[in-house]
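Below is the file model.txt, which contains compact mmCIF, C-alpha atoms.
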```txt
# COMPACT_ATOMS: atom_id res chain seq x y z
CA HIS A 1 -15.38 -17.55 28.19
CA SER A 2 -12.45 -19.95 27.65
CA ASP A 3 -8.83 -20.06 28.67
CA THR A 4 -7.95 -19.78 24.98
CA GLU A 5 -9.85 -16.49 24.74
CA ASP A 6 -7.94 -15.18 27.76
CA ARG A 7 -4.63 -16.05 26.15
CA CYS A 8 -5.67 -14.19 23.01
CA LEU A 9 -5.91 -10.90 24.86
CA PRO A 10 -2.90 -8.73 24.02
CA ALA A 11 -2.09 -8.08 27.69
CA ALA A 12 -1.98 -11.77 28.38
CA ALA A 13 0.03 -12.29 25.23
CA ARG A 14 2.76 -9.92 26.36
CA PHE A 15 3.16 -11.74 29.65
CA ALA A 16 2.90 -15.22 28.16
CA GLY A 17 5.96 -14.65 25.99
CA GLU A 18 4.63 -16.94 23.25
CA HIS A 19 5.58 -15.68 19.79
CA ARG A 20 2.38 -16.85 18.16
CA TYR A 21 0.42 -14.39 20.32
CA THR A 22 2.71 -11.41 19.86
CA CYS A 23 2.11 -8.50 17.54
CA MET A 24 3.25 -9.57 14.06
CA THR A 25 4.01 -6.32 12.28
CA THR A 26 5.92 -5.89 9.05
CA PRO A 27 6.93 -3.10 8.57
CA PRO A 28 6.92 -1.59 12.09
CA HIS A 29 4.78 1.47 11.27
CA LEU A 30 1.67 -0.71 11.05
CA GLY A 31 -0.59 -1.57 13.95
CA GLY A 32 -0.18 -5.33 13.76
CA ALA A 33 -2.69 -8.08 14.45
CA TYR A 34 -3.13 -11.19 16.57
CA ALA A 35 -3.47 -14.42 14.63
CA CYS A 36 -5.69 -15.87 17.33
CA GLY A 37 -7.94 -12.81 17.30
CA ASP A 38 -8.59 -10.11 19.90
CA SER A 39 -11.64 -10.73 22.08
CA ASN A 40 -11.92 -6.98 22.70
CA THR A 41 -12.56 -6.24 19.03
CA ILE A 42 -14.46 -9.36 17.92
CA MET A 43 -18.00 -8.22 18.74
CA ARG A 44 -20.41 -10.78 17.28
CA ASP A 45 -23.35 -9.34 19.20
CA VAL A 46 -22.78 -5.87 17.74
CA SER A 47 -22.09 -7.29 14.27
CA GLY A 48 -25.29 -9.34 14.37
CA TYR A 49 -27.37 -6.38 15.50
CA LEU A 50 -26.02 -4.15 12.74
CA MET A 51 -26.39 -6.88 10.12
CA VAL A 52 -30.06 -7.43 10.92
CA LYS A 53 -31.14 -3.83 11.56
CA TYR A 54 -29.46 -2.38 8.50
CA ARG A 55 -29.97 -5.42 6.26
CA LEU A 56 -26.31 -5.54 5.39
CA LYS A 57 -25.34 -7.35 2.20
CA SER A 58 -21.75 -6.08 1.92
CA VAL A 59 -19.12 -5.07 4.46
CA LEU A 60 -15.67 -3.50 4.08
CA ASP A 61 -13.31 -4.17 7.01
CA ILE A 62 -10.43 -1.68 7.13
CA GLY A 63 -7.70 -2.97 9.41
CA ALA A 64 -9.03 -6.49 9.02
CA GLY A 65 -6.05 -8.30 10.50
CA TYR A 66 -6.58 -12.05 10.33
CA GLY A 67 -10.25 -11.69 9.37
CA HIS A 68 -11.90 -12.72 12.63
CA CYS A 69 -14.49 -9.93 12.52
CA MET A 70 -15.07 -10.42 8.80
CA LYS A 71 -15.71 -14.12 9.24
CA TYR A 72 -18.86 -13.55 11.28
CA PHE A 73 -20.38 -11.54 8.44
CA ALA A 74 -19.17 -14.02 5.81
CA ASP A 75 -20.67 -16.92 7.78
CA HIS A 76 -24.03 -15.12 7.57
CA LEU A 77 -23.87 -14.68 3.80
CA VAL A 78 -22.69 -11.06 3.79
CA ALA A 79 -20.19 -10.27 1.03
CA VAL A 80 -16.97 -9.18 2.75
CA THR A 81 -13.78 -7.44 1.68
CA GLY A 82 -10.94 -6.72 4.07
CA ILE A 83 -7.87 -4.49 3.90
CA ASP A 84 -4.73 -4.83 5.98
CA GLY A 85 -1.15 -3.71 5.40
CA ASP A 86 0.56 -6.55 7.25
CA PRO A 87 1.77 -9.29 4.86
CA ALA A 88 1.59 -11.77 7.73
CA CYS A 89 -2.19 -11.52 7.47
CA GLN A 90 -2.02 -13.17 4.05
CA GLY A 91 -0.71 -16.40 5.59
CA PRO A 92 -2.41 -19.67 6.50
CA GLU A 93 -3.90 -18.27 9.72
CA GLN A 94 -6.08 -15.85 7.76
CA GLN A 95 -9.72 -16.67 8.52
CA CYS A 96 -11.04 -15.27 5.21
CA GLN A 97 -8.62 -16.59 2.63
CA GLY A 98 -8.54 -14.57 -0.58
CA LEU A 99 -10.78 -11.82 0.79
CA VAL A 100 -8.23 -9.54 2.50
CA ILE A 101 -6.34 -7.09 0.30
CA GLN A 102 -2.81 -6.18 1.38
CA HIS A 103 -2.60 -2.38 1.31
CA ASP A 104 -0.71 0.25 3.31
CA TYR A 105 -2.75 3.42 3.90
CA THR A 106 0.36 5.57 4.12
CA LEU A 107 0.51 5.15 0.33
CA GLY A 108 -3.00 6.37 -0.50
CA PRO A 109 -6.51 4.93 -0.87
CA CYS A 110 -6.74 1.25 -1.81
CA PRO A 111 -6.58 0.99 -5.61
CA GLN A 112 -7.63 -2.67 -5.63
CA LEU A 113 -11.13 -1.69 -4.55
CA GLY A 114 -11.83 -0.22 -7.97
CA ASP A 115 -15.36 1.21 -8.01
CA LYS A 116 -16.77 -1.10 -5.31
CA GLN A 117 -19.41 0.26 -2.96
CA PHE A 118 -20.50 -1.25 0.38
CA ASP A 119 -23.38 -1.14 2.80
CA MET A 120 -21.08 -0.74 5.81
CA ALA A 121 -17.46 -0.29 6.78
CA TRP A 122 -16.23 -1.88 10.00
CA SER A 123 -12.91 -0.70 11.44
CA ALA A 124 -11.88 -1.81 14.93
CA GLU A 125 -8.76 -0.38 16.56
CA PHE A 126 -7.32 0.92 13.30
CA LEU A 127 -7.67 4.71 13.40
CA GLU A 128 -5.06 5.31 16.09
CA HIS A 129 -2.35 3.49 14.12
CA VAL A 130 -2.39 5.90 11.17
CA GLU A 131 -0.70 9.30 11.26
CA GLU A 132 -3.06 12.24 11.00
CA ARG A 133 -1.64 13.33 7.64
CA PHE A 134 -2.81 10.04 6.09
CA ILE A 135 -6.43 10.27 7.28
CA PRO A 136 -7.74 11.28 3.81
CA HIS A 137 -6.44 8.01 2.38
CA PHE A 138 -8.76 5.79 4.40
CA MET A 139 -11.60 8.30 4.56
CA TYR A 140 -11.73 8.15 0.78
CA ASP A 141 -12.49 4.43 1.06
CA PHE A 142 -14.98 4.92 3.90
CA LYS A 143 -16.94 7.13 1.48
CA ARG A 144 -17.69 4.00 -0.52
CA CYS A 145 -19.93 2.88 2.34
CA ARG A 146 -23.47 3.74 3.35
CA MET A 147 -22.45 3.66 7.00
CA VAL A 148 -19.25 3.31 9.01
CA VAL A 149 -18.70 1.74 12.43
CA VAL A 150 -15.35 2.34 14.11
CA THR A 151 -13.53 2.14 17.43
CA HIS A 152 -10.54 4.27 18.39
CA ALA A 153 -7.83 4.47 21.04
CA GLU A 154 -8.26 7.25 23.57
CA PRO A 155 -5.69 9.94 24.47
CA GLY A 156 -2.85 8.40 26.44
CA GLN A 157 -3.84 4.84 25.62
CA VAL A 158 -0.67 2.76 25.37
CA GLY A 159 -0.24 0.46 22.39
CA HIS A 160 2.00 -0.51 19.50
CA HIS A 161 2.41 2.39 17.04
CA HIS A 162 -0.35 4.48 18.59
CA VAL A 163 0.23 7.75 16.74
CA ASN A 164 -3.22 9.37 16.68
CA CYS A 165 -5.07 8.71 19.92
CA LYS A 166 -7.91 11.22 20.08
CA ASP A 167 -11.29 11.63 21.77
CA ASP A 168 -14.79 11.24 20.33
CA THR A 169 -15.10 14.94 19.50
CA TYR A 170 -12.03 14.79 17.27
CA TRP A 171 -13.33 11.82 15.28
CA VAL A 172 -16.82 13.27 14.95
CA GLY A 173 -15.14 16.35 13.46
CA VAL A 174 -13.10 14.28 11.01
CA PHE A 175 -16.15 12.35 9.82
CA ASN A 176 -18.27 15.52 9.63
CA ASP A 177 -15.63 17.05 7.35
CA TRP A 178 -16.15 14.08 5.02
CA ARG A 179 -19.96 14.45 5.16
CA PHE A 180 -20.72 11.70 7.60
CA GLY A 181 -23.33 12.25 10.26
CA HIS A 182 -22.73 10.87 13.74
CA LEU A 183 -25.60 8.64 14.90
CA ALA A 184 -25.34 9.51 18.58
CA ASP A 185 -28.23 7.34 19.77
CA GLU A 186 -26.95 4.32 17.87
CA THR A 187 -23.45 4.94 19.21
CA ALA A 188 -24.77 5.01 22.77
CA LEU A 189 -26.74 1.81 22.20
CA VAL A 190 -23.83 -0.27 20.89
CA ARG A 191 -21.58 1.04 23.66
CA GLU A 192 -24.00 -0.40 26.20
CA THR A 193 -22.67 -3.83 25.21
CA ASP A 194 -19.50 -3.07 27.20
CA ARG A 195 -20.87 -4.89 30.24
CA TRP A 196 -17.50 -6.12 31.51
CA HIS A 197 -15.52 -2.90 30.89
CA ALA A 198 -13.25 -4.15 28.12
CA GLY A 199 -9.79 -2.63 27.93
CA TRP A 200 -10.56 -1.17 24.51
CA GLY A 201 -12.99 -1.56 21.64
CA ARG A 202 -16.60 -1.44 22.78
CA ARG A 203 -16.30 1.67 24.91
CA THR A 204 -15.30 3.77 21.89
CA LEU A 205 -17.64 2.33 19.28
CA MET A 206 -19.00 5.05 16.99
CA VAL A 207 -21.64 4.81 14.25
CA PHE A 208 -21.78 7.17 11.29
CA GLU A 209 -23.98 7.48 8.21
CA ASN A 210 -22.79 8.72 4.83
CA LEU A 211 -24.80 11.85 4.07
CA ASP A 212 -24.11 11.42 0.36
CA LYS A 213 -25.78 7.99 0.32
CA LEU A 214 -29.07 8.72 2.14
```

Encoded form using C-alpha cells:
Amino acid sequence: HSDTEDRCLPAAARFAGEHRYTCMTTPPHLGGAYACGDSNTIMRDVSGYLMVKYRLKSVLDIGAGYGHCMKYFADHLVAVTGIDGDPACQGPEQQCQGLVIQHDYTLGPCPQLGDKQFDMAWSAEFLEHVEERFIPHFMYDFKRCRMVVVTHAEPGQVGHHHVNCKDDTYWVGVFNDWRFGHLADETALVRETDRWHAGWGRRTLMVFENLDKL
C-alpha cells in the first residue's frame, strides 16, 4: 500500500486540495471520476476471481471513469468496452484509450453498443449517481450481459450527486424486475474481500445472473 494510493482516495483528495485529484465532472449531474483511480473500487482480486471462475472473454464496464478497472481485464486478454458520460475521461489520462464510449444515461441506452453482447458487466459506484427514472436506460444495456457485478452507495452515504442511495433489497428488486437472479452465495463470497473495511465498494458488491442467458 503506497502513499500514492492513499492520495488517490477521494477523502484524501478533498483535504489535499490538489485539482488533479478532485472530482472532474462535466456536466455536474454526473458522478465524476478520479484520474488517478479509486482504490476502493479497483478490486483486482475480485476481478481475477470472476475472470477465472466464469471464463470471461468480454466485459462491459458501465461508469468506467478513467478505465482503471477495465485495464486489469484488458491486460489479461479480456475484450473490454467501457461507458462513461464525463468527457474528461476521454483525455490523455484514460487508461484504455479508444475503448471507453462517452454516453450519458439520462438520454437513454447507449446506441454505440449496437448489438454487442458480453459475458459480464462490471459497474462500481455508478448506480447511486443516476436518478431512479433513468434506471431502465442502463438496465437495458446490462441485459446484454450474461452476468452483472455492481456496487452501490447505501442510504445516507454522502457523495457527489448521490441521488439514488438504496439498500440491497431495493437493488435485488430492480434486477429481479429485469429478470436477473441474485447470486446470494457469490455476493457473500466477494464481500468477504473487504478485510480492511473500505469506505465504499467491496461491502456492497452484488452478483447477478441474467435469467434470459442461462

### Polymer residues at most 9 Å from (-7.8, -7.1, 13.0) by all atoms listed in the file, as a ChimeraX atom specification
/A:32-35,37-38,41-42,61-69,84,123-126

### Query
If you measure from CA of Trp122 in chain A to CA of Gly82 in chain A, what distance in Å do you get, rounded to one decimal?
9.3 Å

### Task
In Å, rounded to a single decimal, give me how far CA of Ala74 in chain A is from CA of Ala184 in chain A.
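These atoms are spaced 27.5 Å apart.
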
#### Entry: Atom pair CA of Met206 in chain A / CA of Val150 in chain A: separation (Å)
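So the answer is 5.4 Å.
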
Would you kindly place N, CA, C and O atoms on range 185-202 of chain A and return the model as an mmCIF file, in the frame of the given file?
```
data_model
loop_
_atom_site.group_PDB
_atom_site.id
_atom_site.type_symbol
_atom_site.label_atom_id
_atom_site.label_comp_id
_atom_site.auth_asym_id
_atom_site.auth_seq_id
_atom_site.Cartn_x
_atom_site.Cartn_y
_atom_site.Cartn_z
ATOM 1 N N ASP A 185 -27.414 8.313 19.046
ATOM 2 C CA ASP A 185 -28.230 7.340 19.770
ATOM 3 C C ASP A 185 -27.770 5.915 19.484
ATOM 4 O O ASP A 185 -27.717 5.076 20.393
ATOM 5 N N GLU A 186 -27.431 5.654 18.233
ATOM 6 C CA GLU A 186 -26.950 4.320 17.870
ATOM 7 C C GLU A 186 -25.598 4.044 18.507
ATOM 8 O O GLU A 186 -25.315 2.937 18.978
ATOM 9 N N THR A 187 -24.751 5.055 18.547
ATOM 10 C CA THR A 187 -23.450 4.940 19.210
ATOM 11 C C THR A 187 -23.627 4.575 20.674
ATOM 12 O O THR A 187 -22.975 3.664 21.198
ATOM 13 N N ALA A 188 -24.525 5.281 21.350
ATOM 14 C CA ALA A 188 -24.770 5.010 22.770
ATOM 15 C C ALA A 188 -25.292 3.588 22.975
ATOM 16 O O ALA A 188 -24.910 2.898 23.936
ATOM 17 N N LEU A 189 -26.151 3.145 22.075
ATOM 18 C CA LEU A 189 -26.740 1.810 22.200
ATOM 19 C C LEU A 189 -25.678 0.713 22.080
ATOM 20 O O LEU A 189 -25.622 -0.197 22.918
ATOM 21 N N VAL A 190 -24.822 0.796 21.062
ATOM 22 C CA VAL A 190 -23.830 -0.270 20.890
ATOM 23 C C VAL A 190 -22.774 -0.222 21.992
ATOM 24 O O VAL A 190 -22.206 -1.263 22.361
ATOM 25 N N ARG A 191 -22.534 0.950 22.546
ATOM 26 C CA ARG A 191 -21.580 1.040 23.660
ATOM 27 C C ARG A 191 -22.116 0.389 24.932
ATOM 28 O O ARG A 191 -21.344 0.008 25.813
ATOM 29 N N GLU A 192 -23.417 0.254 25.029
ATOM 30 C CA GLU A 192 -24.000 -0.400 26.200
ATOM 31 C C GLU A 192 -23.625 -1.885 26.271
ATOM 32 O O GLU A 192 -23.801 -2.519 27.309
ATOM 33 N N THR A 193 -23.091 -2.428 25.186
ATOM 34 C CA THR A 193 -22.670 -3.830 25.210
ATOM 35 C C THR A 193 -21.392 -4.037 26.025
ATOM 36 O O THR A 193 -21.011 -5.175 26.290
ATOM 37 N N ASP A 194 -20.746 -2.959 26.426
ATOM 38 C CA ASP A 194 -19.500 -3.070 27.200
ATOM 39 C C ASP A 194 -19.829 -3.362 28.673
ATOM 40 O O ASP A 194 -19.551 -2.587 29.567
ATOM 41 N N ARG A 195 -20.394 -4.535 28.901
ATOM 42 C CA ARG A 195 -20.870 -4.890 30.240
ATOM 43 C C ARG A 195 -19.740 -5.259 31.190
ATOM 44 O O ARG A 195 -19.907 -5.223 32.391
ATOM 45 N N TRP A 196 -18.598 -5.676 30.641
ATOM 46 C CA TRP A 196 -17.500 -6.120 31.510
ATOM 47 C C TRP A 196 -16.313 -5.152 31.456
ATOM 48 O O TRP A 196 -15.217 -5.460 31.882
ATOM 49 N N HIS A 197 -16.543 -3.949 30.915
ATOM 50 C CA HIS A 197 -15.520 -2.900 30.890
ATOM 51 C C HIS A 197 -14.245 -3.379 30.197
ATOM 52 O O HIS A 197 -13.179 -3.459 30.799
ATOM 53 N N ALA A 198 -14.380 -3.696 28.934
ATOM 54 C CA ALA A 198 -13.250 -4.150 28.120
ATOM 55 C C ALA A 198 -12.155 -3.096 28.085
ATOM 56 O O ALA A 198 -12.427 -1.888 28.196
ATOM 57 N N GLY A 199 -10.926 -3.554 27.945
ATOM 58 C CA GLY A 199 -9.790 -2.630 27.930
ATOM 59 C C GLY A 199 -9.816 -1.655 26.783
ATOM 60 O O GLY A 199 -9.299 -0.548 26.886
ATOM 61 N N TRP A 200 -10.414 -2.043 25.680
ATOM 62 C CA TRP A 200 -10.560 -1.170 24.510
ATOM 63 C C TRP A 200 -11.632 -1.766 23.615
ATOM 64 O O TRP A 200 -12.119 -2.869 23.855
ATOM 65 N N GLY A 201 -12.007 -1.038 22.587
ATOM 66 C CA GLY A 201 -12.990 -1.560 21.640
ATOM 67 C C GLY A 201 -14.383 -1.033 21.881
ATOM 68 O O GLY A 201 -14.742 0.055 21.411
ATOM 69 N N ARG A 202 -15.179 -1.761 22.637
ATOM 70 C CA ARG A 202 -16.600 -1.440 22.780
ATOM 71 C C ARG A 202 -16.853 -0.040 23.336
ATOM 72 O O ARG A 202 -17.805 0.632 22.942
#
```
